[in-house]
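Structure file upload-v2.txt; described as compact mmCIF, C-alpha atoms.
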```
# COMPACT_ATOMS: atom_id res chain seq x y z
CA VAL A 1 118.91 221.50 78.36
CA GLN A 2 117.82 224.77 76.72
CA GLU A 3 118.16 224.94 72.95
CA LEU A 4 119.07 228.32 71.45
CA TYR A 5 118.22 228.73 67.78
CA GLY A 6 120.24 230.95 65.52
CA GLY A 7 118.97 234.39 64.60
CA ALA A 8 116.37 236.46 66.46
CA PRO A 9 113.31 234.29 67.02
CA MET A 10 109.88 235.92 67.08
CA ASP A 11 107.30 234.03 69.10
CA HIS A 12 104.37 236.23 68.06
CA PRO A 13 103.48 238.15 64.88
CA VAL A 14 102.29 241.17 66.89
CA VAL A 15 104.38 242.55 69.78
CA ILE A 16 104.08 245.95 71.46
CA ARG A 17 107.02 246.95 73.66
CA VAL A 18 106.37 249.46 76.44
CA HIS A 19 109.43 251.05 78.06
CA GLY A 20 109.87 253.04 81.25
CA ASP A 21 111.53 253.03 84.68
CA ASP A 22 108.81 252.00 87.14
CA PRO A 23 107.76 248.34 86.80
CA LYS A 24 104.40 249.08 88.42
CA LYS A 25 103.61 251.79 85.87
CA LEU A 26 104.76 249.47 83.10
CA GLY A 27 102.31 246.89 84.43
CA VAL A 28 99.43 249.39 84.34
CA LEU A 29 100.26 250.48 80.78
CA ALA A 30 100.67 246.90 79.61
CA ASP A 31 97.32 245.96 81.14
CA GLN A 32 95.55 248.82 79.29
CA ILE A 33 97.12 247.79 76.00
CA LYS A 34 96.31 244.14 76.60
CA LYS A 35 92.64 244.89 77.25
CA GLN A 36 92.40 246.95 74.04
CA LEU A 37 94.25 244.34 72.00
CA ARG A 38 91.72 241.71 73.07
CA THR A 39 88.98 243.77 71.41
CA VAL A 40 90.72 243.83 68.01
CA ARG A 41 89.19 241.43 65.52
CA GLY A 42 91.55 238.61 64.61
CA ALA A 43 93.90 239.04 67.61
CA ILE A 44 94.12 235.88 69.72
CA ASN A 45 96.25 234.52 72.58
CA VAL A 46 96.89 237.99 73.99
CA SER A 47 99.49 237.99 76.78
CA ASP A 48 102.17 240.12 78.40
CA THR A 49 105.52 239.56 80.11
CA ILE A 50 104.94 241.49 83.32
CA SER A 51 101.67 240.27 84.87
CA ASP A 52 102.98 237.06 86.41
CA SER A 53 104.74 237.31 89.76
CA ILE A 54 106.98 234.92 91.68
CA PRO A 55 108.09 234.69 95.32
CA VAL A 56 111.40 236.48 95.91
CA ALA A 57 113.78 236.46 98.88
CA ASN A 58 115.63 239.77 99.29
CA VAL A 59 118.91 239.24 101.17
CA ALA A 60 120.68 242.27 102.69
CA VAL A 61 124.08 241.18 104.02
CA ASP A 62 125.46 243.21 106.94
CA GLY A 63 129.09 243.64 105.91
CA GLU A 64 130.45 244.24 109.43
CA ARG A 65 128.52 241.35 110.93
CA ALA A 66 129.64 239.00 108.16
CA MET A 67 133.30 240.03 108.31
CA SER A 68 133.32 239.57 112.09
CA LEU A 69 132.43 235.92 111.46
CA GLY A 70 135.08 235.60 108.75
CA ILE A 71 132.58 235.51 105.86
CA THR A 72 132.60 237.84 102.86
CA PRO A 73 129.47 238.93 100.97
CA ALA A 74 130.89 237.13 97.94
CA GLN A 75 130.82 233.84 99.86
CA VAL A 76 127.18 234.42 100.73
CA GLY A 77 126.35 235.08 97.09
CA THR A 78 128.21 231.96 95.96
CA THR A 79 126.36 229.81 98.52
CA LEU A 80 122.93 231.15 97.55
CA ARG A 81 123.67 230.77 93.87
CA ALA A 82 124.81 227.19 94.32
CA ILE A 83 121.63 226.24 96.21
CA TYR A 84 118.95 228.33 94.52
CA GLY A 85 120.52 229.47 91.25
CA GLU A 86 121.70 227.84 88.04
CA ASP A 87 125.01 227.39 86.27
CA LYS A 88 125.94 226.93 82.62
CA VAL A 89 127.94 223.72 82.37
CA THR A 90 128.79 223.69 78.68
CA SER A 91 127.40 224.31 75.21
CA PHE A 92 127.64 222.43 71.93
CA ARG A 93 126.50 222.60 68.32
CA GLN A 94 123.82 220.28 66.99
CA GLU A 95 122.68 220.48 63.37
CA GLY A 96 123.62 224.14 63.10
CA ASP A 97 122.02 225.15 66.42
CA THR A 98 123.68 226.05 69.72
CA VAL A 99 122.57 223.98 72.71
CA GLU A 100 123.40 225.18 76.24
CA VAL A 101 123.46 222.71 79.14
CA ILE A 102 122.21 224.32 82.35
CA VAL A 103 122.30 222.81 85.85
CA GLU A 104 119.54 224.29 88.01
CA ALA A 105 117.71 223.48 91.20
CA SER A 106 114.17 222.10 91.17
CA SER A 107 111.24 224.53 91.28
CA VAL A 108 111.49 226.75 94.34
CA GLN A 109 108.18 227.17 96.15
CA SER A 110 107.21 229.75 98.78
CA ALA A 111 107.75 227.25 101.60
CA VAL A 112 111.30 226.67 100.39
CA LEU A 113 111.96 230.41 100.13
CA ALA A 114 110.81 230.81 103.72
CA GLY A 115 113.75 228.60 104.66
CA VAL A 116 116.29 230.89 103.02
CA ARG A 117 116.84 232.53 106.41
CA ASP A 118 118.26 229.24 107.70
CA THR A 119 120.54 228.58 104.69
CA PRO A 120 123.90 227.44 106.09
CA VAL A 121 126.99 229.37 104.99
CA SER A 122 130.21 227.46 105.62
CA VAL A 123 133.14 229.12 107.39
CA GLY A 124 136.14 227.35 108.91
CA GLY A 125 134.46 223.97 108.90
CA THR A 126 131.31 225.24 110.63
CA ALA A 127 128.01 226.48 109.23
CA VAL A 128 126.45 229.83 110.07
CA PRO A 129 122.75 230.48 109.27
CA LEU A 130 122.17 233.25 106.77
CA LEU A 131 120.00 235.16 109.24
CA ALA A 132 123.09 235.71 111.42
CA LEU A 133 124.74 237.61 108.55
CA GLY A 134 121.97 240.01 107.59
CA ASP A 135 118.28 240.46 106.94
CA VAL A 136 116.07 238.33 104.68
CA GLU A 137 112.68 239.59 103.51
CA LEU A 138 110.16 237.65 101.45
CA SER A 139 108.18 239.47 98.78
CA ARG A 140 106.83 238.94 95.30
CA GLY A 141 108.59 240.11 92.16
CA PHE A 142 108.00 240.14 88.43
CA ALA A 143 108.51 236.78 86.78
CA ASP A 144 109.93 238.29 83.58
CA LEU A 145 111.21 241.87 83.73
CA ARG A 146 113.20 242.53 80.58
CA ARG A 147 115.60 245.24 79.47
CA ARG A 148 116.25 246.56 76.00
CA ASN A 149 118.74 249.31 75.19
CA MET A 150 119.33 249.79 78.94
CA ARG A 151 115.61 250.42 79.58
CA ARG A 152 113.01 248.27 81.31
CA VAL A 153 110.43 246.95 78.87
CA ALA A 154 107.17 245.06 79.10
CA GLU A 155 105.95 243.24 76.00
CA VAL A 156 102.31 242.75 75.05
CA ALA A 157 102.00 240.06 72.40
CA ALA A 158 99.28 238.47 70.31
CA ASP A 159 98.82 235.88 67.61
CA VAL A 160 96.40 236.27 64.70
CA ASN A 161 93.80 233.91 63.28
CA GLY A 162 93.98 232.60 59.74
CA ALA A 163 91.77 235.36 58.34
CA THR A 164 93.74 238.31 59.75
CA LEU A 165 97.08 239.82 58.79
CA PRO A 166 99.41 241.12 61.51
CA ARG A 167 99.57 244.53 59.84
CA ASP A 168 95.79 244.87 60.24
CA VAL A 169 96.09 244.36 63.99
CA VAL A 170 98.96 246.86 64.16
CA ALA A 171 96.92 249.41 62.20
CA SER A 172 93.98 248.95 64.58
CA MET A 173 96.15 249.45 67.67
CA ARG A 174 98.08 252.49 66.45
CA PRO A 175 95.33 255.12 67.09
CA PHE A 176 94.72 253.75 70.58
CA LEU A 177 98.40 253.88 71.48
CA GLU A 178 98.80 257.40 70.09
CA GLY A 179 95.82 258.51 72.19
CA MET A 180 97.20 257.15 75.46
CA THR A 181 98.79 259.47 78.02
CA TRP A 182 102.55 258.84 78.07
CA GLN A 183 104.61 260.38 80.86
CA SER A 184 108.16 261.55 80.27
CA GLY A 185 110.47 258.57 79.92
CA TYR A 186 107.70 256.19 78.85
CA GLY A 187 106.78 255.12 75.35
CA TYR A 188 106.10 252.22 73.03
CA GLU A 189 107.24 250.58 69.84
CA PHE A 190 105.98 247.78 67.63
CA ALA A 191 107.94 244.58 67.26
CA GLY A 192 107.10 241.03 66.19
CA GLU A 193 107.21 239.34 62.80
CA GLU A 194 105.28 242.09 61.00
CA THR A 195 107.67 244.84 62.12
CA VAL A 196 110.76 242.76 61.32
CA THR A 197 109.40 242.09 57.82
CA ALA A 198 108.69 245.79 57.27
CA HIS A 199 112.19 246.75 58.38
CA GLY A 200 113.61 244.10 56.06
CA PHE A 201 111.79 245.52 53.03
CA LYS A 202 112.90 249.03 54.00
CA SER A 203 116.52 247.91 54.16
CA LEU A 204 116.20 246.24 50.74
CA ALA A 205 114.79 249.46 49.27
CA VAL A 206 117.69 251.49 50.66
CA ALA A 207 120.21 248.95 49.34
CA ALA A 208 118.59 249.03 45.88
CA LEU A 209 118.71 252.84 45.79
CA VAL A 210 122.39 252.89 46.77
CA THR A 211 123.15 250.30 44.07
CA VAL A 212 121.40 252.33 41.36
CA VAL A 213 123.20 255.53 42.38
CA THR A 214 126.56 253.73 42.39
CA ILE A 215 125.96 252.28 38.92
CA PHE A 216 124.91 255.71 37.62
CA VAL A 217 128.09 257.34 38.96
CA LEU A 218 130.21 254.63 37.30
CA LEU A 219 128.40 255.12 33.98
CA VAL A 220 128.93 258.89 34.14
CA SER A 221 132.64 258.38 34.74
CA LEU A 222 132.79 255.86 31.87
CA PHE A 223 130.92 257.90 29.23
CA GLY A 224 131.79 261.35 30.52
CA SER A 225 128.18 262.37 29.98
CA ILE A 226 125.22 262.45 32.37
CA SER A 227 122.69 262.15 29.54
CA ARG A 228 124.34 259.06 28.02
CA ALA A 229 124.63 257.45 31.46
CA ALA A 230 120.93 258.13 32.08
CA LEU A 231 119.95 256.61 28.70
CA VAL A 232 121.94 253.43 29.42
CA LEU A 233 120.45 253.16 32.89
CA LEU A 234 116.90 253.66 31.60
CA ALA A 235 117.43 250.98 28.97
CA VAL A 236 118.01 248.38 31.67
CA PRO A 237 114.73 246.49 32.33
```
Taking this structure as input, can you express it in the form of structure tokens?
Amino acid sequence: VQELYGGAPMDHPVVIRVHGDDPKKLGVLADQIKKQLRTVRGAINVSDTISDSIPVANVAVDGERAMSLGITPAQVGTTLRAIYGEDKVTSFRQEGDTVEVIVEASSVQSAVLAGVRDTPVSVGGTAVPLLALGDVELSRGFADLRRRNMRRVAEVAADVNGATLPRDVVASMRPFLEGMTWQSGYGYEFAGEETVTAHGFKSLAVAALVTVVTIFVLLVSLFGSISRAALVLLAVP
């Protein structure tokens, strides 16, 4: 059971998102940022989302070979998903939060992945091993490769100790990030609690300005005089 809280949760007060196309290059950039972040006073629990890797089985189904046995690629995908994947069963509300119920297989180890080649795919009451339908290659892939705005991103995150503010860590990292060499299509942005708070205050300032302008326009239309409207507006504490 995975519980999903409302809103956009922020696990860390300091988050640096690096975006680009090549996961390997993202890993190199994230590692450089992570090493620098560890030298900043007050930054603790520095981590990233791209360093960890997991065993992956890449299945390439030969369409002609599969169809000759009466099996479609969709059937192969359904079989693999049922054995190695997960399915959302239902979801419900509990004290204002949404809870999703997920059925998933137990942890898949490398030895189990090696047996993917022999996974039986049912057809006409008989079972055909997956290897007869295509090629299966074992490799290692990124444990958590995220996308944001249709771009691959790697996140470098950190917590702060009780004597340090998140904005101080962000200020310390900004010159280093600006001095890095960024190829075309690669870049960074700050996220985390500090950035969300700053954006919130900026939105409040814009809303306050729009409110003042709207009130001023209404006063001008009421009194028919800009000077009188300005005097009334200035008299408001």
From A:Val15, A:Val121, A:Val116, A:Val213, residue lying nearest Phe190 of chain A [all atoms listed in the file]: A:Val15
Nearest-residue call for Thr126 of chain A, choices A:Leu69, A:Val59, A:Leu204, A:Val46, using all atoms listed in the file: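 Of A:Leu69, A:Val59, A:Leu204, A:Val46, the one nearest Thr126 of chain A, counting all atoms listed in the file, is A:Leu69.
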What are the closest atom pairs, with distances in Å to one decimal, for each residue of segment 137-183 of chain A lying within 10 Å of segment 20-37 of chain A, using all atoms listed in the file, rows by chain and rising residue number, as a Markdown table?
```
| residue | atom | partner | partner_atom | distance |
| --- | --- | --- | --- | --- |
| A:Gly141 | CA | A:Pro23 | CA | 9.9 |
| A:Phe142 | CA | A:Pro23 | CA | 8.4 |
| A:Leu145 | CA | A:Pro23 | CA | 7.9 |
| A:Arg147 | CA | A:Gly20 | CA | 9.8 |
| A:Arg151 | CA | A:Gly20 | CA | 6.5 |
| A:Arg152 | CA | A:Gly20 | CA | 5.7 |
| A:Val153 | CA | A:Gly20 | CA | 6.6 |
| A:Ala154 | CA | A:Leu26 | CA | 6.4 |
| A:Glu155 | CA | A:Ala30 | CA | 7.4 |
| A:Val156 | CA | A:Lys34 | CA | 6.4 |
| A:Ala157 | CA | A:Lys34 | CA | 8.2 |
| A:Ala158 | CA | A:Leu37 | CA | 7.9 |
| A:Val169 | CA | A:Leu37 | CA | 8.2 |
| A:Val170 | CA | A:Leu37 | CA | 9.5 |
| A:Ser172 | CA | A:Leu37 | CA | 8.7 |
| A:Met173 | CA | A:Leu37 | CA | 7.0 |
| A:Phe176 | CA | A:Gln36 | CA | 8.0 |
| A:Leu177 | CA | A:Ile33 | CA | 7.7 |
| A:Met180 | CA | A:Leu29 | CA | 9.1 |
| A:Thr181 | CA | A:Leu29 | CA | 9.5 |
| A:Trp182 | CA | A:Leu29 | CA | 9.1 |
| A:Gln183 | CA | A:Gly20 | CA | 9.0 |
```
d(atom CA of His19 of chain A, atom CA of Leu138 of chain A) in Å: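 Between atom CA of His19 of chain A and atom CA of Leu138 of chain A the gap works out to 27.0 Å.
When only C-alpha atoms are used to measure the gap to His12 of chain A, the shortest distance among A:Thr39, A:Thr119, A:Ser47, A:Ser221 belongs to A:Ser47.
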Atomic distance atom CA of Ile71 of chain A - atom CA of Ser139 of chain A, expressed in Å with one decimal: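 Separation of atom CA of Ile71 of chain A and atom CA of Ser139 of chain A: 25.7 Å.
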Coordinates-based distance that separates atom CA of Gly187 of chain A from atom CA of Phe201 of chain A (Å, one decimal): 24.8 Å
Long-range neighbours of segment 228-233 of chain A as a ChimeraX atom specification, 9 Å cut-off, only C-alpha atoms, 6 positions minimum in chain: /A:212,215-222
Closest of A:Ala235, A:Val210, A:Leu133, A:Val40 to Thr72 of chain A - atom-to-atom distances counting all atoms listed in the file: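 Using all atoms listed in the file, the shortest distance to Thr72 of chain A belongs to A:Leu133.
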Long-range neighbours of Pro120 of chain A as a ChimeraX atom specification, 12 Å cut-off, all atoms listed in the file, 4 positions minimum in chain: /A:71,75-76,78-80,82-83,115-116,125-133
